Structure formats: C-alpha cells, structure tokens
>>> print(open('target_25.txt').read())   # compact mmCIF, C-alpha atoms
# COMPACT_ATOMS: atom_id res chain seq x y z
CA MET A 1 -15.65 30.85 -18.55
CA SER A 2 -13.87 27.86 -20.04
CA LEU A 3 -11.69 25.62 -17.94
CA PRO A 4 -7.92 25.77 -18.50
CA LYS A 5 -6.48 22.84 -20.40
CA ILE A 6 -5.28 20.01 -18.16
CA GLU A 7 -1.86 18.66 -19.07
CA VAL A 8 -1.55 14.92 -18.50
CA ASN A 9 1.62 12.89 -19.06
CA ALA A 10 1.35 9.26 -20.10
CA ASP A 11 4.50 7.22 -19.55
CA TRP A 12 4.88 3.75 -21.00
CA ASP A 13 5.71 1.15 -18.35
CA ALA A 14 7.49 -1.45 -20.48
CA GLU A 15 7.47 -4.22 -17.89
CA ALA A 16 3.87 -3.87 -16.80
CA LYS A 17 2.91 -3.04 -20.39
CA VAL A 18 0.62 -0.23 -19.39
CA TRP A 19 0.46 3.51 -19.89
CA VAL A 20 0.66 5.39 -16.61
CA ALA A 21 -0.95 8.82 -16.45
CA THR A 22 0.04 11.56 -14.01
CA SER A 23 -0.51 15.29 -14.00
CA ASP A 24 0.88 18.30 -12.18
CA ASP A 25 -2.46 20.01 -12.80
CA VAL A 26 -4.51 17.37 -10.99
CA PRO A 27 -3.07 16.42 -7.59
CA GLY A 28 -3.54 12.75 -6.86
CA LEU A 29 -4.11 11.72 -10.44
CA VAL A 30 -2.58 8.36 -11.26
CA SER A 31 -4.21 5.95 -13.63
CA GLU A 32 -3.09 3.22 -15.98
CA ALA A 33 -4.40 1.33 -19.00
CA GLU A 34 -3.09 -0.96 -21.68
CA THR A 35 -3.79 1.48 -24.49
CA LEU A 36 -3.83 5.24 -24.79
CA GLU A 37 -7.42 5.06 -25.94
CA ASP A 38 -8.46 3.19 -22.82
CA LEU A 39 -6.44 5.58 -20.70
CA GLN A 40 -8.16 8.55 -22.27
CA LYS A 41 -11.58 7.04 -21.49
CA LYS A 42 -10.64 6.54 -17.87
CA LEU A 43 -9.13 9.98 -17.44
CA THR A 44 -12.10 12.27 -17.98
CA PRO A 45 -14.33 10.95 -15.19
CA LEU A 46 -11.34 10.51 -12.89
CA ILE A 47 -10.10 14.07 -13.45
CA ARG A 48 -13.61 15.41 -12.93
CA GLU A 49 -13.88 13.48 -9.67
CA LEU A 50 -10.51 14.71 -8.41
CA LEU A 51 -11.17 18.33 -9.39
CA GLU A 52 -14.56 18.22 -7.68
CA ALA A 53 -13.01 16.69 -4.59
CA GLY A 54 -10.39 19.43 -4.57
CA GLY A 55 -12.99 22.14 -4.95
CA VAL A 56 -11.62 23.25 -8.32
CA LEU A 57 -14.75 22.16 -10.10
CA ALA A 58 -18.25 22.51 -8.70
CA ASP A 59 -20.26 19.33 -8.19
CA ASN A 60 -22.45 18.39 -11.14
CA ASN A 61 -20.67 20.84 -13.39
CA SER A 62 -21.37 19.43 -16.82
CA ARG A 63 -18.80 21.48 -18.71
CA ASP A 64 -16.25 19.54 -20.76
CA ILE A 65 -12.82 19.30 -19.26
CA PRO A 66 -10.14 19.97 -21.88
CA VAL A 67 -7.34 17.44 -21.49
CA ASN A 68 -4.02 17.45 -23.32
CA LEU A 69 -2.61 13.92 -23.09
CA VAL A 70 1.12 13.76 -23.87
CA ALA A 71 2.56 10.27 -24.35
CA HIS A 72 6.19 9.48 -23.53
CA LEU A 73 7.57 6.27 -24.95
CA SER A 74 10.97 6.44 -23.33
CA VAL A 75 12.02 7.99 -20.08
CA LYS A 76 15.61 8.74 -19.13
CA GLY A 77 16.49 9.26 -15.53
CA VAL A 78 18.72 8.44 -12.66
CA VAL A 79 16.43 5.73 -11.37
CA ARG A 80 16.58 2.54 -13.37
CA THR A 81 14.63 -0.56 -12.51
CA ASP A 82 14.67 -4.10 -13.84
CA SER A 83 11.04 -4.88 -13.12
CA PRO A 84 8.80 -1.85 -12.81
CA SER A 85 5.96 -3.72 -11.23
CA THR A 86 5.94 -6.48 -8.65
CA ALA A 87 2.29 -7.30 -8.39
CA SER A 88 2.27 -11.07 -8.63
CA PHE A 89 1.61 -11.60 -4.92
CA ARG A 90 -2.04 -11.80 -3.88
CA GLU A 91 -2.83 -10.47 -7.32
CA ARG A 92 -6.41 -11.75 -7.33
CA GLU A 93 -7.15 -10.26 -3.96
CA LEU A 94 -5.62 -6.91 -4.84
CA GLU A 95 -7.58 -6.76 -8.08
CA TRP A 96 -10.75 -7.62 -6.21
CA ARG A 97 -10.09 -4.89 -3.67
CA ARG A 98 -9.46 -2.42 -6.47
CA THR A 99 -12.67 -3.27 -8.28
CA HIS A 100 -14.91 -3.73 -5.23
CA ALA A 101 -14.23 -0.62 -3.20
CA GLU A 102 -17.96 -0.07 -2.82
CA THR A 103 -18.48 -3.56 -1.45
CA LEU A 104 -15.69 -3.04 1.05
CA ARG A 105 -17.30 0.12 2.39
CA GLN A 106 -19.67 -1.95 4.50
CA PHE A 107 -16.58 -3.25 6.32
CA GLU A 108 -15.12 0.15 7.17
CA ASN A 109 -13.15 0.11 10.41
CA GLU A 110 -13.01 -3.67 10.32
CA TRP A 111 -10.35 -6.24 9.56
CA VAL A 112 -11.09 -8.45 6.59
CA VAL A 113 -9.59 -11.75 5.51
CA LEU A 114 -9.90 -12.18 1.77
CA GLU A 115 -9.05 -15.37 -0.11
CA GLY A 116 -9.31 -15.06 -3.85
CA VAL A 117 -12.60 -13.24 -4.30
CA ASP A 118 -14.19 -14.56 -1.11
CA ILE A 119 -14.42 -12.67 2.15
CA ILE A 120 -13.63 -15.39 4.66
CA ALA A 121 -14.02 -13.40 7.87
CA HIS A 122 -14.36 -9.84 9.07
CA GLY A 123 -14.72 -7.92 12.30
CA ALA A 124 -13.22 -5.34 14.60
CA ASP A 125 -11.03 -7.88 16.42
CA ALA A 126 -8.16 -8.89 14.15
CA ALA A 127 -7.18 -11.90 16.26
CA GLN A 128 -10.73 -13.24 16.13
CA VAL A 129 -10.89 -12.67 12.38
CA ILE A 130 -7.63 -14.58 11.94
CA ARG A 131 -8.84 -17.44 14.14
CA GLU A 132 -12.06 -17.67 12.16
CA ALA A 133 -10.11 -17.80 8.91
CA THR A 134 -7.71 -20.49 10.11
CA SER A 135 -10.61 -22.54 11.47
CA ARG A 136 -11.99 -22.49 7.96
CA GLY A 137 -8.80 -23.98 6.60
CA ILE A 138 -6.93 -20.86 5.54
CA ASN A 139 -3.35 -21.59 6.58
CA THR A 140 -1.94 -18.24 5.55
CA PRO A 141 -4.69 -15.63 5.73
CA TYR A 142 -4.47 -12.36 3.88
CA ILE A 143 -5.73 -9.73 6.30
CA PHE A 144 -6.18 -6.01 5.89
CA PHE A 145 -7.92 -3.14 7.62
CA VAL A 146 -10.60 -1.21 5.75
CA GLU A 147 -10.00 2.44 6.43
CA PRO A 148 -12.93 4.82 6.18
CA GLU A 149 -13.15 7.11 3.23
CA SER A 150 -11.22 10.34 3.60
CA ASP A 151 -12.61 12.47 6.40
CA ASP A 152 -10.29 15.45 5.88
CA SER A 153 -7.89 14.12 8.47
CA VAL A 154 -4.23 13.59 7.69
CA ARG A 155 -2.73 10.32 8.79
CA ILE A 156 0.73 9.91 10.24
CA GLY A 157 2.49 6.72 11.15
CA LEU A 158 1.72 6.59 14.84
CA MET B 159 25.35 13.43 -9.10
CA VAL B 160 24.41 10.26 -7.29
CA ALA B 161 22.96 7.49 -9.42
CA VAL B 162 21.09 4.67 -7.74
CA GLU B 163 19.82 1.59 -9.50
CA TYR B 164 16.81 -0.24 -8.18
CA GLN B 165 15.62 -3.71 -9.10
CA HIS B 166 11.95 -3.26 -8.36
CA SER B 167 9.38 -0.56 -8.75
CA PHE B 168 5.98 -0.36 -7.07
CA ASN B 169 3.03 1.90 -7.57
CA TYR B 170 1.50 3.46 -4.49
CA ARG B 171 -1.65 1.68 -3.39
CA GLN B 172 -4.81 3.65 -4.03
CA PHE B 173 -7.43 3.69 -1.31
CA ALA B 174 -10.61 5.67 -0.82
CA SER B 175 -8.62 7.67 1.71
CA GLY B 176 -5.75 8.42 -0.71
CA SER B 177 -2.57 6.90 -2.13
CA SER B 178 0.15 5.42 0.06
CA PRO B 179 3.41 3.52 -0.29
CA VAL B 180 2.20 0.09 0.73
CA LEU B 181 4.12 -3.14 0.44
CA GLN B 182 2.56 -6.58 0.39
CA VAL B 183 4.38 -8.91 2.76
CA ARG B 184 4.15 -12.30 4.37
CA ILE B 185 5.20 -12.62 8.00
CA ALA B 186 6.27 -16.08 9.08
CA ARG B 187 7.74 -17.79 12.08
CA GLN B 188 11.46 -18.19 11.84
CA ASP B 189 11.32 -21.83 12.85
CA ASN B 190 8.35 -22.80 10.70
CA HIS B 191 7.36 -20.95 7.56
CA GLU B 192 4.06 -22.86 7.42
CA PHE B 193 2.70 -20.46 10.01
CA GLY B 194 2.32 -17.17 8.24
CA ILE B 195 0.09 -14.26 7.47
CA ASP B 196 -0.14 -11.96 4.48
CA THR B 197 -0.84 -8.32 5.07
CA ASP B 198 -0.29 -4.75 3.93
CA VAL B 199 2.46 -2.66 5.45
CA TYR B 200 3.05 1.06 5.13
CA LEU B 201 6.59 2.22 4.44
CA ASP B 202 7.36 4.86 7.06
CA SER B 203 10.71 6.58 6.78
CA GLY B 204 9.91 8.53 9.95
CA ALA B 205 9.61 5.42 12.11
CA GLU B 206 12.81 4.33 13.80
CA ARG B 207 11.51 0.79 14.15
CA SER B 208 8.78 -1.30 12.61
CA LEU B 209 5.48 -1.62 14.43
CA PHE B 210 2.74 -4.14 13.74
CA ASN B 211 -0.61 -5.05 15.17
CA GLY B 212 0.00 -7.73 17.78
CA ASP B 213 -3.12 -9.65 16.76
CA LEU B 214 -1.27 -10.80 13.66
CA LEU B 215 0.84 -13.05 15.85
CA ALA B 216 -2.26 -15.21 16.38
CA ALA B 217 -1.72 -16.60 12.88
CA LEU B 218 1.86 -17.47 13.77
CA GLU B 219 0.81 -19.10 17.04
CA ILE B 220 3.21 -16.85 18.93
CA ASP B 221 2.33 -15.30 22.27
CA LEU B 222 2.46 -11.54 22.03
CA ILE B 223 3.84 -10.75 25.44
CA ASN B 224 7.47 -11.58 26.11
CA ASP B 225 10.28 -10.02 28.12
CA ARG B 226 11.35 -7.73 25.31
CA ALA B 227 8.94 -4.83 25.74
CA LYS B 228 9.77 -1.54 24.07
CA SER B 229 8.05 1.81 24.19
CA TYR B 230 7.19 3.41 20.85
CA GLY B 231 6.79 7.16 21.20
CA SER B 232 4.66 9.28 18.91
CA THR B 233 5.22 12.83 17.75
CA ILE B 234 2.80 14.16 20.39
CA GLY B 235 4.57 12.44 23.25
CA SER B 236 2.18 9.58 23.87
CA SER B 237 3.50 6.08 23.48
CA VAL B 238 2.45 2.48 23.02
CA THR B 239 4.18 -0.63 24.26
CA ALA B 240 5.28 -3.24 21.76
CA TYR B 241 6.98 -6.58 22.21
CA LEU B 242 9.90 -7.40 19.99
CA HIS B 243 9.74 -10.64 18.04
CA GLN B 244 12.22 -11.91 15.49
CA VAL B 245 10.18 -12.95 12.45
CA GLN B 246 10.72 -13.71 8.80
CA LEU B 247 9.50 -10.96 6.53
CA ILE B 248 8.92 -12.29 3.04
CA VAL B 249 8.54 -9.79 0.23
CA PRO B 250 7.54 -11.73 -2.86
CA ASN B 251 9.95 -11.39 -5.79
CA VAL B 252 12.23 -9.25 -3.66
CA GLY B 253 13.57 -11.38 -0.83
CA ASP B 254 13.30 -12.80 2.67
CA PHE B 255 14.41 -10.72 5.62
CA SER B 256 14.92 -11.61 9.23
CA LEU B 257 13.63 -8.66 11.17
CA GLU B 258 12.91 -7.87 14.79
CA ILE B 259 9.47 -6.29 14.74
CA GLY B 260 7.57 -4.66 17.55
CA PHE B 261 4.07 -6.06 17.93
CA SER B 262 1.62 -4.14 20.06
CA ASN B 263 -1.74 -4.88 21.61
CA ALA B 264 -2.71 -1.27 20.92
CA GLU B 265 -5.21 -0.87 18.11
CA ILE B 266 -2.64 -0.58 15.33
CA ARG B 267 -4.53 -0.19 12.09
CA ARG B 268 -1.56 0.42 9.86
CA ASN B 269 1.39 -1.91 10.14
CA LEU B 270 4.53 0.16 9.70
CA LEU B 271 7.88 -0.82 8.26
CA GLY B 272 10.42 1.65 9.51
CA ARG B 273 14.09 2.40 9.21
CA ASP B 274 15.11 -0.99 10.60
CA PHE B 275 13.69 -2.46 7.39
CA PHE B 276 15.17 0.35 5.32
CA ASN B 277 18.54 -0.70 6.74
CA LEU B 278 18.15 -4.06 4.97
CA VAL B 279 17.24 -2.72 1.54
CA GLN B 280 17.79 0.20 -0.78
CA ILE B 281 14.63 2.22 -1.12
CA GLY B 282 13.63 5.39 -2.91
CA PHE B 283 10.39 7.32 -3.16
CA ARG B 284 9.07 9.35 -6.05
CA GLU B 285 6.04 10.97 -4.52
CA ARG B 286 5.12 12.97 -7.58
CA ARG B 287 4.70 9.76 -9.55
CA PHE B 288 3.22 7.78 -6.67
CA GLN B 289 5.96 5.22 -7.02
CA TYR B 290 8.67 3.78 -4.87
CA TYR B 291 11.69 1.68 -5.75
CA LEU B 292 13.32 -1.18 -3.92
CA SER B 293 16.41 -3.34 -4.08
CA PRO B 294 17.04 -6.19 -1.65
CA THR B 295 20.57 -5.08 -0.76
CA PRO B 296 21.35 -2.06 1.42
>>> encode(input="target_25.txt", output="structure tokens")
Amino acid sequence: MSLPKIEVNADWDAEAKVWVATSDDVPGLVSEAETLEDLQKKLTPLIRELLEAGGVLADNNSRDIPVNLVAHLSVKGVVRTDSPSTASFRERELEWRRTHAETLRQFENEWVVLEGVDIIAHGADAAQVIREATSRGINTPYIFFVEPESDDSVRIGL
Amino acid sequence: MVAVEYQHSFNYRQFASGSSPVLQVRIARQDNHEFGIDTDVYLDSGAERSLFNGDLLAALEIDLINDRAKSYGSTIGSSVTAYLHQVQLIVPNVGDFSLEIGFSNAEIRRNLLGRDFFNLVQIGFRERRFQYYLSPTP
C-alpha cells in the first residue's frame, strides 16, 4: 500500500532569508534552508524520522515518501514583525549546539559552559561549572542544561 | 478583530526532547553589568513568576539566600523555596528589563520566565508554526 502524499508548506522568511517548512501532516516538522532545493533535500530524511518516531512509519521502511512541497512567497496575517529572526546572540554557540547534538549526548543531565565551539566546563553542579569557567577567564559564561533525549515523558514548567 | 504588531519573531528551539519556546538572555547585576551570565530560559505563560536555578547567581557574585523567600507551588501541590533578587535581564536586540526573579537552590533544570516578564513585553505564540513573537513594550 502506498503512503499518502505529505503536504508541506514552505514560507519565505524575508528577514532571515530562509525557507521555513512546516506541515499539518507531520507533527513537529519544522526545517529551514536557504533554497527550496536544499529544503527538499533536508525534508525527506527528517519526515521519515518524524513519522517513524510517531509510529506512522515502521522502522527501516524503505518505501519512498511522497512529499508535496508548496512554496508561499508572501504571507498575509494579523501578526506582523519587523525582524523575523533575532539570532545574533551567542550565534556561534547555538549553531554548534545545533550541529553537535550527538557530541552533547555524553553530557546529558549535566550543565555545560560553551564558549564559541569550546566546552569550557561541565558537570552536575551548575555553581561548580560556573566557577570553573570563570576561573578560566570567562567573564560571562554561557551555561545550559543538556536534557536527555525524549523518554516519553511530558515536561511542565515546575 | 484584534490586530497586534510585534517587532521580533523567534523560532522555537529544537532539542532532542522536542521543540520549545526558548529565549536567550543575559542576567546581570543591577549595580555592575560586568558580572553576568548567558543562559536559556523557557517562556512559561502558566508561571505566575519567573523561577531560575540559584546556582546562576554564582556568576553574579550574589548570595542566594536573603530575607525575601517565596514559595513556588507546583500543579501537584508540592513547592520549592526561591529567593527574590532584582536583576537586569538583557534580551539582545530586544531590550533590558529590570525584573525580580526567584532563584532557588532546588535542582531547577529549566529556567522559567513567567507572567511577571510577560507584563513587561507583548508576547504571542504560534504553536503550529513553532514561533513566538515579542515586542519590548507591554
């Protein structure tokens, strides 16, 4: 039996200059790329991963996933913004985190201080991690907690 | 119809555990901005007040415990104690905010910005698109 066609919307983010893909058919799907071609390349494995995670598609199912990518160049709506993306703060660190998720897995349940692309300190005690970073000359550390990969639990604020 | 204009738009942060509305902030001492720390905060419209991990105060060289203790209750009835500290919350490209934040010595893993912060800004969520919008005026 063939898979139903997945409808994916690609909206142009004029400020960030990227195409942003979302889909009602694939919960959790959000991806971006500078060109539609690049976006299309990223979508197939991502959709497969999300569908497998959601139990819609069996693991290792090699069937092609039909995707209908619809591009929207202009969007009208109630919400208007002057600068769609504010990502200039700790940009290097955020990019590193995005591209090194596997590396960060070894620090699950720990606090990490990251400066540029260097892990300065890590450990379960945030205060100790901060002290170690400041002792190494980091005046304003960037610290974050590495949460474990999804374990089927739902997180609330407190 | 109500039309709201926002100055800034943010994508939800994607983690292995899912996507969340996370804001990048710098917390600094009010009397000396040289002492600061950068961290992630989760935007929590269900929280009446902001709650942060007290260990972060180590970077600001501020003692956690003061005479302004406050109990933060959870939805299941348990609570944690936090100590209120007036700090500078710097949101790059958006603005600086003076905010009284509760810092706790409980093992807070997600720093939360609650409705006390929402009272200082205009904020909107678009969950379906994994985006939120922010303006620095309420």
>>> atom_distance(input="target_25.txt", atom1="CA of Ile119 (chain A)", atom2="CA of Pro148 (chain A)")
18.0 Å
>>> residues_around(input="target_25.txt", residues="Ile223 (chain B)", least_positions_apart="6", cutoff="9 Å", atoms="only C-alpha atoms", output="list in words")
Ala240, Tyr241, Leu242, Phe261, Ser262 and Asn263 of chain B
>>> write_last_selection(input="target_25.txt", atoms="C-alpha atoms", output="compact mmCIF listing (two decimals), in the coordinates of the input")
# COMPACT_ATOMS: atom_id res chain seq x y z
CA ALA B 240 5.28 -3.24 21.76
CA TYR B 241 6.98 -6.58 22.21
CA LEU B 242 9.90 -7.40 19.99
CA PHE B 261 4.07 -6.06 17.93
CA SER B 262 1.62 -4.14 20.06
CA ASN B 263 -1.74 -4.88 21.61
>>> residues_around(input="target_25.txt", residues="Gln172 (chain B)", least_positions_apart="6", cutoff="9 Å", atoms="only C-alpha atoms", output="count of residues only")
3
>>> closest_residue(input="target_25.txt", among="A:His122, A:Lys17, A:Arg48, A:Arg105", to="chain B", atoms="only C-alpha atoms")
A:Arg105
>>> closest_residue(input="target_25.txt", among="A:Glu7, A:Glu110, A:Asp152, A:Glu115", to="Glu95 (chain A)", atoms="all atoms listed in the file")
A:Glu115
>>> closest_residue(input="target_25.txt", among="A:Ala121, A:Pro4, A:Ile138, A:Thr22", to="Leu57 (chain A)", atoms="all atoms listed in the file")
A:Pro4
>>> closest_residue(input="target_25.txt", among="A:Leu51, A:Ile6, A:Ala21, A:Leu36", to="chain B", atoms="all atoms listed in the file")
A:Ala21
>>> closest_residue(input="target_25.txt", among="B:Ile234, B:Leu209, B:Val245, B:Ala174", to="His191 (chain B)", atoms="only C-alpha atoms")
B:Val245
>>> residues_near_point(input="target_25.txt", point="(1.7, 2.3, 3.6)", cutoff="10 Å", atoms="all atoms listed in the file", output="list in words")
Gly157 of chain A; Tyr170, Arg171, Ser177, Ser178, Pro179, Val180, Leu181, Gln182, Asp198, Val199, Tyr200, Leu201, Asp202, Arg268, Asn269, Leu270 and Leu271 of chain B
>>> atom_distance(input="target_25.txt", atom1="CA of Gln280 (chain B)", atom2="CA of Pro296 (chain B)")
4.8 Å
>>> closest_residue(input="target_25.txt", among="A:Leu94, A:Leu50, A:Ala126, A:Val20", to="chain B", atoms="only C-alpha atoms")
A:Ala126
>>> interface_residues(input="target_25.txt", of="chain B", to="chain A", cutoff="8 Å", atoms="only C-alpha atoms", output="ChimeraX atom specification")
/B:161-169,174-177,182,192-198,202,204-205,213-214,216-217,232-233,250-251,267-268,270,287-288,291
>>> atom_distance(input="target_25.txt", atom1="CA of Val279 (chain B)", atom2="CA of Leu292 (chain B)")
6.9 Å
>>> axis_aligned_box(input="target_25.txt", around="region 221-229 of chain B", padding_each_side="3 Å", output="JSON")
{"center_x": 6.8, "center_y": -6.7, "center_z": 25.1, "size_x": 15.0, "size_y": 23.1, "size_z": 12.1}
>>> decode(input="target_25.txt", residues="region 118-129 of chain A", atoms="N, CA and C atoms", output="PDB file, in the first residue's frame")
ATOM      1  N   ASP A 118      34.071  25.738  22.016  1.00  0.00           N
ATOM      2  CA  ASP A 118      34.808  25.004  23.049  1.00  0.00           C
ATOM      3  C   ASP A 118      33.953  24.781  24.290  1.00  0.00           C
ATOM      4  N   ILE A 119      33.915  23.542  24.731  1.00  0.00           N
ATOM      5  CA  ILE A 119      33.270  23.249  26.010  1.00  0.00           C
ATOM      6  C   ILE A 119      34.270  23.583  27.110  1.00  0.00           C
ATOM      7  N   ILE A 120      33.948  24.579  27.889  1.00  0.00           N
ATOM      8  CA  ILE A 120      34.871  25.089  28.904  1.00  0.00           C
ATOM      9  C   ILE A 120      34.774  24.269  30.184  1.00  0.00           C
ATOM     10  N   ALA A 121      33.549  23.910  30.557  1.00  0.00           N
ATOM     11  CA  ALA A 121      33.344  23.152  31.791  1.00  0.00           C
ATOM     12  C   ALA A 121      32.012  22.434  31.698  1.00  0.00           C
ATOM     13  N   HIS A 122      31.890  21.356  32.455  1.00  0.00           N
ATOM     14  CA  HIS A 122      30.620  20.633  32.504  1.00  0.00           C
ATOM     15  C   HIS A 122      30.545  19.847  33.793  1.00  0.00           C
ATOM     16  N   GLY A 123      29.322  19.549  34.214  1.00  0.00           N
ATOM     17  CA  GLY A 123      29.138  18.762  35.421  1.00  0.00           C
ATOM     18  C   GLY A 123      27.723  18.900  35.943  1.00  0.00           C
ATOM     19  N   ALA A 124      27.415  18.138  36.962  1.00  0.00           N
ATOM     20  CA  ALA A 124      26.059  18.135  37.507  1.00  0.00           C
ATOM     21  C   ALA A 124      25.786  19.352  38.393  1.00  0.00           C
ATOM     22  N   ASP A 125      26.852  19.951  38.909  1.00  0.00           N
ATOM     23  CA  ASP A 125      26.717  21.097  39.816  1.00  0.00           C
ATOM     24  C   ASP A 125      26.930  22.389  39.027  1.00  0.00           C
ATOM     25  N   ALA A 126      25.854  23.114  38.798  1.00  0.00           N
ATOM     26  CA  ALA A 126      25.942  24.313  37.956  1.00  0.00           C
ATOM     27  C   ALA A 126      26.879  25.358  38.551  1.00  0.00           C
ATOM     28  N   ALA A 127      26.821  25.521  39.876  1.00  0.00           N
ATOM     29  CA  ALA A 127      27.680  26.533  40.505  1.00  0.00           C
ATOM     30  C   ALA A 127      29.153  26.195  40.291  1.00  0.00           C
ATOM     31  N   GLN A 128      29.483  24.915  40.424  1.00  0.00           N
ATOM     32  CA  GLN A 128      30.866  24.485  40.229  1.00  0.00           C
ATOM     33  C   GLN A 128      31.297  24.692  38.778  1.00  0.00           C
ATOM     34  N   VAL A 129      30.385  24.401  37.864  1.00  0.00           N
ATOM     35  CA  VAL A 129      30.681  24.577  36.434  1.00  0.00           C
ATOM     36  C   VAL A 129      30.941  26.058  36.138  1.00  0.00           C
TER      37      VAL A 129
END
